[in-house]
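Chemist: Below is the file upload-v2.pdb, with PDB, C-alpha atoms and all ligand atoms.
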```
ATOM      1  CA  MET A 113     -14.517 -33.948   6.933
ATOM      2  CA  LYS A 114     -13.029 -34.567   3.488
ATOM      3  CA  GLU A 115     -13.970 -31.058   2.281
ATOM      4  CA  ASP A 116     -12.322 -29.598   5.369
ATOM      5  CA  ALA A 117      -9.088 -31.456   4.695
ATOM      6  CA  GLY A 118      -8.659 -29.423   1.483
ATOM      7  CA  LYS A 119      -8.047 -26.336   3.590
ATOM      8  CA  PHE A 120      -4.857 -27.825   4.945
ATOM      9  CA  LEU A 121      -3.323 -28.809   1.613
ATOM     10  CA  ALA A 122      -0.343 -26.814   0.397
ATOM     11  CA  GLU A 123      -1.486 -23.627  -1.311
ATOM     12  CA  GLU A 124      -0.168 -22.133  -4.537
ATOM     13  CA  ARG A 125       2.277 -19.277  -4.142
ATOM     14  CA  GLN A 126       0.621 -15.914  -4.368
ATOM     15  CA  VAL A 127       1.919 -12.855  -6.173
ATOM     16  CA  ALA A 128       1.928  -9.448  -4.509
ATOM     17  CA  LEU A 129       2.609  -6.093  -6.161
ATOM     18  CA  ILE A 130       3.715  -3.329  -3.813
ATOM     19  CA  THR A 131       4.044   0.287  -4.969
ATOM     20  CA  GLY A 132       6.759   2.497  -3.509
ATOM     21  CA  ALA A 133       8.598  -0.575  -2.266
ATOM     22  CA  SER A 134      12.129   0.808  -2.185
ATOM     23  CA  ARG A 135      11.994   2.244   1.320
ATOM     24  CA  GLY A 136       9.957   2.879   4.467
ATOM     25  CA  ILE A 137       6.603   1.173   4.840
ATOM     26  CA  GLY A 138       6.621  -0.272   1.291
ATOM     27  CA  ARG A 139       9.978  -1.923   1.936
ATOM     28  CA  ALA A 140       8.748  -3.483   5.201
ATOM     29  CA  VAL A 141       5.534  -4.683   3.521
ATOM     30  CA  ALA A 142       7.446  -6.271   0.640
ATOM     31  CA  ILE A 143       9.798  -8.114   2.986
ATOM     32  CA  ARG A 144       6.903  -9.256   5.174
ATOM     33  CA  LEU A 145       4.877 -10.602   2.243
ATOM     34  CA  ALA A 146       7.979 -12.375   0.922
ATOM     35  CA  LYS A 147       8.430 -13.973   4.349
ATOM     36  CA  ASP A 148       4.741 -14.929   4.276
ATOM     37  CA  GLY A 149       5.480 -16.968   1.135
ATOM     38  CA  CYS A 150       4.505 -14.599  -1.685
ATOM     39  CA  ASP A 151       6.431 -13.814  -4.835
ATOM     40  CA  VAL A 152       6.741 -10.050  -5.073
ATOM     41  CA  VAL A 153       6.646  -7.325  -7.702
ATOM     42  CA  LEU A 154       8.452  -4.294  -6.337
ATOM     43  CA  ASN A 155       7.562  -0.940  -7.836
ATOM     44  CA  TYR A 156       9.959   1.930  -7.362
ATOM     45  CA  ALA A 157       9.906   5.473  -8.706
ATOM     46  CA  GLY A 158      13.585   6.399  -8.984
ATOM     47  CA  ARG A 159      15.811   4.642  -6.470
ATOM     48  CA  ARG A 160      16.872   1.526  -8.342
ATOM     49  CA  GLU A 161      19.687   0.668  -5.925
ATOM     50  CA  ALA A 162      17.447   0.790  -2.858
ATOM     51  CA  ALA A 163      14.854  -1.344  -4.671
ATOM     52  CA  GLU A 164      17.570  -3.877  -5.573
ATOM     53  CA  GLU A 165      18.515  -4.157  -1.920
ATOM     54  CA  VAL A 166      14.887  -4.903  -0.999
ATOM     55  CA  ALA A 167      14.776  -7.424  -3.854
ATOM     56  CA  GLU A 168      17.822  -9.184  -2.435
ATOM     57  CA  ILE A 169      16.227  -9.487   1.010
ATOM     58  CA  CYS A 170      12.961 -10.777  -0.486
ATOM     59  CA  SER A 171      14.865 -13.353  -2.556
ATOM     60  CA  TYR A 172      16.698 -14.443   0.565
ATOM     61  CA  ALA A 173      13.284 -14.994   2.171
ATOM     62  CA  GLY A 174      12.455 -17.362  -0.706
ATOM     63  CA  ALA A 175      10.488 -15.080  -3.026
ATOM     64  CA  GLU A 176      10.789 -14.692  -6.750
ATOM     65  CA  VAL A 177      11.146 -10.992  -7.363
ATOM     66  CA  LEU A 178      10.380  -8.640 -10.242
ATOM     67  CA  LEU A 179      11.421  -4.989 -10.121
ATOM     68  CA  VAL A 180       9.220  -2.527 -11.997
ATOM     69  CA  GLN A 181      10.028   1.136 -12.368
ATOM     70  CA  GLY A 182       7.027   3.444 -12.707
ATOM     71  CA  ASP A 183       5.236   6.536 -11.525
ATOM     72  CA  VAL A 184       1.825   5.665 -10.040
ATOM     73  CA  SER A 185       0.385   9.014 -11.118
ATOM     74  CA  ASP A 186       0.811   7.915 -14.741
ATOM     75  CA  PRO A 187      -2.030   5.566 -15.800
ATOM     76  CA  GLU A 188       0.009   4.011 -18.601
ATOM     77  CA  ALA A 189       2.842   3.225 -16.203
ATOM     78  CA  CYS A 190       0.335   1.507 -13.904
ATOM     79  CA  GLU A 191      -1.027  -0.595 -16.782
ATOM     80  CA  ASP A 192       2.534  -1.472 -17.718
ATOM     81  CA  MET A 193       3.430  -2.599 -14.181
ATOM     82  CA  VAL A 194       0.472  -4.985 -14.077
ATOM     83  CA  ARG A 195       1.291  -6.209 -17.608
ATOM     84  CA  GLN A 196       4.893  -6.966 -16.573
ATOM     85  CA  CYS A 197       3.621  -8.796 -13.475
ATOM     86  CA  LEU A 198       1.273 -10.962 -15.560
ATOM     87  CA  ASP A 199       3.962 -11.639 -18.206
ATOM     88  CA  ARG A 200       6.305 -12.896 -15.526
ATOM     89  CA  PHE A 201       4.000 -14.665 -13.066
ATOM     90  CA  GLY A 202       0.697 -15.091 -14.896
ATOM     91  CA  ARG A 203      -1.256 -13.823 -11.901
ATOM     92  CA  LEU A 204      -1.726 -10.972  -9.445
ATOM     93  CA  ASP A 205      -3.294 -11.830  -6.111
ATOM     94  CA  ILE A 206      -2.347  -8.994  -3.781
ATOM     95  CA  LEU A 207      -2.029  -5.283  -4.574
ATOM     96  CA  VAL A 208      -0.630  -2.930  -1.950
ATOM     97  CA  ASN A 209      -1.030   0.726  -2.894
ATOM     98  CA  ASN A 210       1.610   2.258  -0.672
ATOM     99  CA  ALA A 211       3.355   4.904  -2.801
ATOM    100  CA  GLY A 212       2.743   8.361  -1.416
ATOM    101  CA  ILE A 213       4.153  11.829  -0.987
ATOM    102  CA  ASN A 214       3.457  14.893   1.092
ATOM    103  CA  ARG A 215       3.893  18.605   0.340
ATOM    104  CA  ASP A 216       2.963  20.259   3.620
ATOM    105  CA  ALA A 217       1.999  23.896   4.156
ATOM    106  CA  ILE A 218      -0.881  25.724   5.773
ATOM    107  CA  LEU A 219      -3.717  26.146   3.305
ATOM    108  CA  MET A 220      -3.191  29.888   2.932
ATOM    109  CA  ARG A 221       0.317  29.249   1.632
ATOM    110  CA  MET A 222      -0.320  25.985  -0.210
ATOM    111  CA  SER A 223       0.135  26.277  -3.958
ATOM    112  CA  GLU A 224      -2.380  24.778  -6.344
ATOM    113  CA  GLU A 225       0.495  22.787  -7.820
ATOM    114  CA  ASP A 226       1.346  21.178  -4.470
ATOM    115  CA  PHE A 227      -2.309  20.390  -3.831
ATOM    116  CA  ARG A 228      -2.683  18.709  -7.226
ATOM    117  CA  LYS A 229       0.630  16.860  -7.015
ATOM    118  CA  VAL A 230      -0.344  15.133  -3.767
ATOM    119  CA  ILE A 231      -3.802  14.257  -5.109
ATOM    120  CA  ASP A 232      -2.191  12.901  -8.298
ATOM    121  CA  VAL A 233       0.153  10.527  -6.500
ATOM    122  CA  ASP A 234      -1.715   9.637  -3.302
ATOM    123  CA  LEU A 235      -5.258   9.375  -4.675
ATOM    124  CA  MET A 236      -5.144   9.091  -8.477
ATOM    125  CA  GLY A 237      -2.277   6.614  -8.140
ATOM    126  CA  VAL A 238      -4.498   4.267  -6.109
ATOM    127  CA  PHE A 239      -7.295   4.595  -8.670
ATOM    128  CA  PHE A 240      -4.963   3.888 -11.619
ATOM    129  CA  MET A 241      -3.417   0.838  -9.951
ATOM    130  CA  MET A 242      -6.754  -0.667  -8.905
ATOM    131  CA  LYS A 243      -8.099  -0.099 -12.404
ATOM    132  CA  ALA A 244      -5.031  -1.694 -13.968
ATOM    133  CA  ALA A 245      -5.416  -4.749 -11.714
ATOM    134  CA  ALA A 246      -9.201  -4.999 -12.023
ATOM    135  CA  ARG A 247      -9.528  -7.256 -15.063
ATOM    136  CA  THR A 248      -7.131  -9.958 -13.920
ATOM    137  CA  MET A 249      -8.527 -10.037 -10.367
ATOM    138  CA  VAL A 250     -12.152 -10.170 -11.514
ATOM    139  CA  ARG A 251     -11.282 -12.906 -14.018
ATOM    140  CA  SER A 252      -9.573 -15.028 -11.382
ATOM    141  CA  ARG A 253     -12.331 -14.233  -8.878
ATOM    142  CA  TYR A 254      -9.745 -13.504  -6.240
ATOM    143  CA  GLY A 255      -7.879 -10.502  -4.943
ATOM    144  CA  ARG A 256      -6.629  -8.696  -1.879
ATOM    145  CA  ILE A 257      -6.208  -4.948  -2.246
ATOM    146  CA  ILE A 258      -4.732  -2.949   0.590
ATOM    147  CA  ASN A 259      -4.562   0.823   0.250
ATOM    148  CA  ILE A 260      -2.344   2.808   2.569
ATOM    149  CA  SER A 261      -4.334   5.791   3.807
ATOM    150  CA  SER A 262      -3.441   7.781   6.931
ATOM    151  CA  VAL A 263      -4.935   8.985  10.190
ATOM    152  CA  SER A 264      -4.618  12.434   8.543
ATOM    153  CA  GLY A 265      -7.376  11.346   6.177
ATOM    154  CA  LEU A 266      -9.620  10.420   9.100
ATOM    155  CA  MET A 267      -8.887  13.221  11.567
ATOM    156  CA  GLY A 268      -7.539  15.965   9.281
ATOM    157  CA  ASN A 269      -4.133  17.425  10.031
ATOM    158  CA  ALA A 270      -3.239  21.092  10.110
ATOM    159  CA  GLY A 271      -0.667  21.856   7.436
ATOM    160  CA  GLN A 272      -1.735  18.847   5.357
ATOM    161  CA  ALA A 273      -4.919  19.919   3.544
ATOM    162  CA  ASN A 274      -3.746  18.263   0.322
ATOM    163  CA  TYR A 275      -2.546  15.078   2.020
ATOM    164  CA  SER A 276      -5.613  14.799   4.310
ATOM    165  CA  ALA A 277      -7.917  15.257   1.310
ATOM    166  CA  ALA A 278      -6.063  12.616  -0.706
ATOM    167  CA  LYS A 279      -5.988  10.116   2.164
ATOM    168  CA  ALA A 280      -9.691  10.700   2.968
ATOM    169  CA  GLY A 281     -10.313  10.116  -0.736
ATOM    170  CA  VAL A 282      -8.487   6.809  -0.488
ATOM    171  CA  VAL A 283     -10.940   5.727   2.219
ATOM    172  CA  GLY A 284     -13.953   6.531   0.026
ATOM    173  CA  LEU A 285     -12.349   4.888  -2.985
ATOM    174  CA  THR A 286     -11.572   1.777  -0.936
ATOM    175  CA  LYS A 287     -15.141   1.438   0.323
ATOM    176  CA  ALA A 288     -16.747   2.110  -3.071
ATOM    177  CA  TYR A 289     -14.590  -0.466  -4.849
ATOM    178  CA  ALA A 290     -15.016  -2.938  -1.969
ATOM    179  CA  ARG A 291     -18.759  -2.829  -2.638
ATOM    180  CA  GLU A 292     -18.305  -3.242  -6.397
ATOM    181  CA  VAL A 293     -16.190  -6.389  -6.176
ATOM    182  CA  ALA A 294     -17.384  -8.022  -2.962
ATOM    183  CA  THR A 295     -19.102 -10.868  -4.793
ATOM    184  CA  ARG A 296     -15.988 -11.584  -6.894
ATOM    185  CA  GLY A 297     -13.748 -12.871  -4.116
ATOM    186  CA  ILE A 298     -11.913  -9.568  -3.978
ATOM    187  CA  THR A 299     -11.471  -7.637  -0.753
ATOM    188  CA  VAL A 300     -10.492  -3.970  -0.654
ATOM    189  CA  ASN A 301      -9.322  -2.554   2.652
ATOM    190  CA  ALA A 302      -7.306   0.402   3.872
ATOM    191  CA  VAL A 303      -4.657   0.707   6.531
ATOM    192  CA  ALA A 304      -4.385   4.086   8.232
ATOM    193  CA  PRO A 305      -0.962   4.481   9.819
ATOM    194  CA  GLY A 306      -0.367   6.983  12.602
ATOM    195  CA  MET A 307       3.117   8.427  12.956
ATOM    196  CA  ILE A 308       5.645   5.925  11.659
ATOM    197  CA  HIS A 309       9.463   6.122  11.609
ATOM    198  CA  THR A 310      10.331   6.604   7.925
ATOM    199  CA  GLU A 311      11.933   9.218   5.685
ATOM    200  CA  MET A 312       8.545  10.905   5.456
ATOM    201  CA  THR A 313       8.575  11.736   9.179
ATOM    202  CA  GLU A 314      12.357  12.049   9.575
ATOM    203  CA  GLU A 315      12.420  15.708   8.643
ATOM    204  CA  MET A 316       9.854  16.733  11.249
ATOM    205  CA  PRO A 317      11.331  18.945  13.982
ATOM    206  CA  ALA A 318      11.700  17.144  17.348
ATOM    207  CA  GLN A 319       9.217  19.547  18.936
ATOM    208  CA  ALA A 320       6.547  18.713  16.364
ATOM    209  CA  VAL A 321       7.117  14.984  16.927
ATOM    210  CA  GLU A 322       6.749  15.502  20.696
ATOM    211  CA  ALA A 323       3.505  17.422  20.146
ATOM    212  CA  VAL A 324       2.031  14.610  18.029
ATOM    213  CA  LEU A 325       3.141  11.971  20.518
ATOM    214  CA  GLN A 326       1.144  13.764  23.231
ATOM    215  CA  GLY A 327      -1.915  12.464  21.398
ATOM    216  CA  VAL A 328      -0.662   8.898  20.993
ATOM    217  CA  PRO A 329      -1.743   6.660  23.891
ATOM    218  CA  ALA A 330       1.127   4.232  23.107
ATOM    219  CA  GLY A 331       3.517   7.156  23.652
ATOM    220  CA  ARG A 332       5.822   6.238  20.788
ATOM    221  CA  MET A 333       6.097   6.311  17.036
ATOM    222  CA  GLY A 334       5.298   3.153  15.111
ATOM    223  CA  GLU A 335       7.744   1.184  12.989
ATOM    224  CA  PRO A 336       7.215   0.209   9.332
ATOM    225  CA  GLU A 337       6.955  -3.413  10.502
ATOM    226  CA  ASP A 338       3.856  -2.485  12.532
ATOM    227  CA  ILE A 339       2.145  -1.527   9.267
ATOM    228  CA  ALA A 340       3.511  -4.587   7.481
ATOM    229  CA  GLY A 341       1.869  -6.842  10.091
ATOM    230  CA  ALA A 342      -1.538  -5.269   9.430
ATOM    231  CA  VAL A 343      -1.090  -5.549   5.655
ATOM    232  CA  SER A 344      -0.087  -9.193   6.035
ATOM    233  CA  PHE A 345      -3.317  -9.874   7.937
ATOM    234  CA  LEU A 346      -5.499  -8.166   5.314
ATOM    235  CA  ALA A 347      -3.598  -9.906   2.498
ATOM    236  CA  GLY A 348      -4.269 -13.370   3.899
ATOM    237  CA  ARG A 349      -6.530 -15.877   2.187
ATOM    238  CA  GLU A 350      -8.335 -16.364   5.483
ATOM    239  CA  THR A 351      -9.249 -12.656   5.661
ATOM    240  CA  GLY A 352     -11.786 -12.966   2.836
ATOM    241  CA  TYR A 353     -14.744 -11.802   4.916
ATOM    242  CA  VAL A 354     -13.124  -8.480   5.874
ATOM    243  CA  THR A 355     -13.749  -5.818   3.262
ATOM    244  CA  GLY A 356     -14.234  -2.061   3.105
ATOM    245  CA  HIS A 357     -12.495  -1.775   6.455
ATOM    246  CA  VAL A 358     -10.083   0.929   7.584
ATOM    247  CA  LEU A 359      -7.581  -0.492  10.028
ATOM    248  CA  CYS A 360      -5.832   2.195  12.077
ATOM    249  CA  VAL A 361      -2.321   1.250  13.095
ATOM    250  CA  ASP A 362      -1.551   4.276  15.184
ATOM    251  CA  GLY A 363      -0.843   3.407  18.817
ATOM    252  CA  GLY A 364      -4.406   4.421  19.654
ATOM    253  CA  MET A 365      -4.183   7.960  18.244
ATOM    254  CA  CYS A 366      -7.452   7.796  16.366
ATOM    255  CA  MET A 367      -9.725   5.736  18.628
TER
HETATM  256  P1  LIG B 401       8.536   7.233   2.215
HETATM  257  O1  LIG B 401       8.647   8.627   1.723
HETATM  258  O2  LIG B 401       9.656   6.646   2.993
HETATM  259  O3  LIG B 401       8.197   6.217   1.026
HETATM  260  C1  LIG B 401       7.280   6.534   0.007
HETATM  261  C2  LIG B 401       7.538   5.633  -1.161
HETATM  262  O4  LIG B 401       6.660   5.997  -2.213
HETATM  263  C3  LIG B 401       8.968   5.772  -1.705
HETATM  264  O5  LIG B 401       9.453   4.497  -2.029
HETATM  265  C4  LIG B 401       8.782   6.608  -2.956
HETATM  266  O6  LIG B 401       9.756   6.386  -3.944
HETATM  267  C5  LIG B 401       7.417   6.116  -3.415
HETATM  268  N1  LIG B 401       6.786   7.053  -4.331
HETATM  269  C6  LIG B 401       6.567   8.371  -4.165
HETATM  270  N2  LIG B 401       5.970   8.887  -5.254
HETATM  271  C7  LIG B 401       5.819   7.859  -6.132
HETATM  272  C8  LIG B 401       5.271   7.756  -7.420
HETATM  273  N3  LIG B 401       4.741   8.825  -8.051
HETATM  274  N4  LIG B 401       5.251   6.546  -8.027
HETATM  275  C9  LIG B 401       5.772   5.472  -7.434
HETATM  276  N5  LIG B 401       6.313   5.512  -6.196
HETATM  277  C10 LIG B 401       6.340   6.693  -5.553
HETATM  278  O7  LIG B 401       7.208   7.237   3.067
HETATM  279  P2  LIG B 401       6.501   6.134   3.984
HETATM  280  O8  LIG B 401       6.364   6.746   5.316
HETATM  281  O9  LIG B 401       7.129   4.799   3.847
HETATM  282  O10 LIG B 401       5.049   6.164   3.318
HETATM  283  C11 LIG B 401       4.437   5.048   2.703
HETATM  284  C12 LIG B 401       2.936   5.288   2.669
HETATM  285  O11 LIG B 401       2.448   5.378   4.012
HETATM  286  C13 LIG B 401       2.536   6.593   1.994
HETATM  287  O12 LIG B 401       1.352   6.409   1.255
HETATM  288  C14 LIG B 401       2.289   7.515   3.159
HETATM  289  O13 LIG B 401       1.411   8.557   2.823
HETATM  290  C15 LIG B 401       1.698   6.557   4.157
HETATM  291  N6  LIG B 401       1.750   7.016   5.547
HETATM  292  C16 LIG B 401       2.948   7.210   6.172
HETATM  293  C17 LIG B 401       2.949   7.653   7.498
HETATM  294  C18 LIG B 401       4.220   7.882   8.273
HETATM  295  O14 LIG B 401       4.137   8.345   9.419
HETATM  296  N7  LIG B 401       5.399   7.564   7.749
HETATM  297  C19 LIG B 401       1.739   7.876   8.155
HETATM  298  C20 LIG B 401       0.563   7.681   7.475
HETATM  299  C21 LIG B 401       0.573   7.224   6.177
END
```
What's the structure tokens form of this structure?
Ligand code: NAD

Modeler:
Amino acid sequence: MKEDAGKFLAEERQVALITGASRGIGRAVAIRLAKDGCDVVLNYAGRREAAEEVAEICSYAGAEVLLVQGDVSDPEACEDMVRQCLDRFGRLDILVNNAGINRDAILMRMSEEDFRKVIDVDLMGVFFMMKAAARTMVRSRYGRIINISSVSGLMGNAGQANYSAAKAGVVGLTKAYAREVATRGITVNAVAPGMIHTEMTEEMPAQAVEAVLQGVPAGRMGEPEDIAGAVSFLAGRETGYVTGHVLCVDGGMCM
């Protein structure tokens, strides 16, 4: 009984680092984790003003906030982000690798540069951030890593050879690292969003959106908050026995 009571004592505040937190899914995840009671480190690539707005909302929710500029495809920048997080908070409990880009074209017309660019940000970026966070998480024998993949990485998507390859790579990377650190109190999971209302999907022609929605049993696009809810679940202390999992949040698209 006494041991059980410990579970209900107030817990220390956790620190979450979210990449690409200035807009879209990253923004919703940051706000959700702040509402959940975490302090947050918000990475942004270029849009300082948008990141400051997210910071203001997170502070309003009660979080201490640190803004860190940095490109996730640059390993030194990733090391620096984690260093700044540890200097400020002394810990890193939750890492959400959300930053991502797309450069769509059919394979025949896809340039090598566009293929590499997407791999660099969407796949290498996840590797660099997990590596940067590895030492502190292993040392504290605790961590929750959530990598944002995509249904494109599971099903393949015409016109997205680069993006599908990167997002499939994220799944393999997630599972491999989940195995490596499973005994250290660290979980590594992926969330695979379907079609979500953000700037990334805003530019799609209405006809293309309609065509995709034909394959979505829920019959609608998802909202960034739908993804944030899944990340919140995987980031929880109580989710410690879920690892190496890919959680599709896609209105049933991929079942
Ligand atoms: P978005 O374009 O609105 O946001 C992407 C974020 O990543 C931005 O904040 C951007 O500044 C940041 N970013 C881009 N390159 C970066 C870099 N090199 N370093 C640091 N930050 C960088 O897109 P979103 O829809 O919010 O996408 C978020 C994640 O969800 C991405 O990984 C994306 O691939 C994934 N995803 C989105 C959808 C969707 O339908 N929107 C579906 C599946 C997966």

Chemist: Taking all atoms listed in the file into account, name the residue in A:Leu346, A:Ala277, A:Ala157, A:Cys360 that is nearest to A:Val208.

Modeler: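 Looking at the shortest contact to A:Val208, the residue is A:Leu346.
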
Chemist: Padding 6 Å on each side, edges along x, y and z: where is the centre of the box around the listed atoms of ligand LIG 401 (chain B), and how long are its edges in Å to one decimal? Output it as JSON.

Modeler:
```
{"center_x": 5.2, "center_y": 6.7, "center_z": 0.7, "size_x": 21.2, "size_y": 16.4, "size_z": 29.5}
```

Chemist: Counting all atoms listed in the file, what are the residues, protein, DNA or RNA alike, that approach ligand LIG 401 (chain B) to within 6 Å? I want them as a PDB file with C-alpha atoms, in the frame of the given file.

Modeler:
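This went into part01.pdb:
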```pdb
ATOM      1  CA  THR A 131       4.044   0.287  -4.969  1.00  0.00           C
ATOM      2  CA  GLY A 132       6.759   2.497  -3.509  1.00  0.00           C
ATOM      3  CA  ALA A 133       8.598  -0.575  -2.266  1.00  0.00           C
ATOM      4  CA  SER A 134      12.129   0.808  -2.185  1.00  0.00           C
ATOM      5  CA  ARG A 135      11.994   2.244   1.320  1.00  0.00           C
ATOM      6  CA  GLY A 136       9.957   2.879   4.467  1.00  0.00           C
ATOM      7  CA  ILE A 137       6.603   1.173   4.840  1.00  0.00           C
ATOM      8  CA  GLY A 138       6.621  -0.272   1.291  1.00  0.00           C
ATOM      9  CA  TYR A 156       9.959   1.930  -7.362  1.00  0.00           C
ATOM     10  CA  ALA A 157       9.906   5.473  -8.706  1.00  0.00           C
ATOM     11  CA  GLY A 182       7.027   3.444 -12.707  1.00  0.00           C
ATOM     12  CA  ASP A 183       5.236   6.536 -11.525  1.00  0.00           C
ATOM     13  CA  VAL A 184       1.825   5.665 -10.040  1.00  0.00           C
ATOM     14  CA  SER A 185       0.385   9.014 -11.118  1.00  0.00           C
ATOM     15  CA  ASN A 210       1.610   2.258  -0.672  1.00  0.00           C
ATOM     16  CA  ALA A 211       3.355   4.904  -2.801  1.00  0.00           C
ATOM     17  CA  GLY A 212       2.743   8.361  -1.416  1.00  0.00           C
ATOM     18  CA  ILE A 213       4.153  11.829  -0.987  1.00  0.00           C
ATOM     19  CA  VAL A 233       0.153  10.527  -6.500  1.00  0.00           C
ATOM     20  CA  ILE A 260      -2.344   2.808   2.569  1.00  0.00           C
ATOM     21  CA  SER A 261      -4.334   5.791   3.807  1.00  0.00           C
ATOM     22  CA  SER A 262      -3.441   7.781   6.931  1.00  0.00           C
ATOM     23  CA  PRO A 305      -0.962   4.481   9.819  1.00  0.00           C
ATOM     24  CA  GLY A 306      -0.367   6.983  12.602  1.00  0.00           C
ATOM     25  CA  MET A 307       3.117   8.427  12.956  1.00  0.00           C
ATOM     26  CA  ILE A 308       5.645   5.925  11.659  1.00  0.00           C
ATOM     27  CA  HIS A 309       9.463   6.122  11.609  1.00  0.00           C
ATOM     28  CA  THR A 310      10.331   6.604   7.925  1.00  0.00           C
ATOM     29  CA  GLU A 311      11.933   9.218   5.685  1.00  0.00           C
ATOM     30  CA  MET A 312       8.545  10.905   5.456  1.00  0.00           C
ATOM     31  CA  THR A 313       8.575  11.736   9.179  1.00  0.00           C
TER      32      THR A 313
END
```

Chemist: Within 10 Å of (6.5, -11.4, 3.0) in the file's own coordinates, which protein, DNA or RNA residues have an atom, counting all atoms listed in the file? List them as a PyMOL selection string.

Modeler: chain A and resi 128+140-152+170+173-175+340-341+343-344

Chemist: Interatomic distance between atom CA of A:Val166 and atom CA of A:Ala246?

Modeler: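 Atom CA of A:Ala246 lies at a distance of 26.5 Å from atom CA of A:Val166.
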
Chemist: From the options A:Val328, A:Ala278, A:Ile258, A:Ala273, which residue's atoms come nearest to A:Gly356, counting only C-alpha atoms?

Modeler: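 Among the listed residues, the smallest separation from A:Gly356 belongs to A:Ile258.
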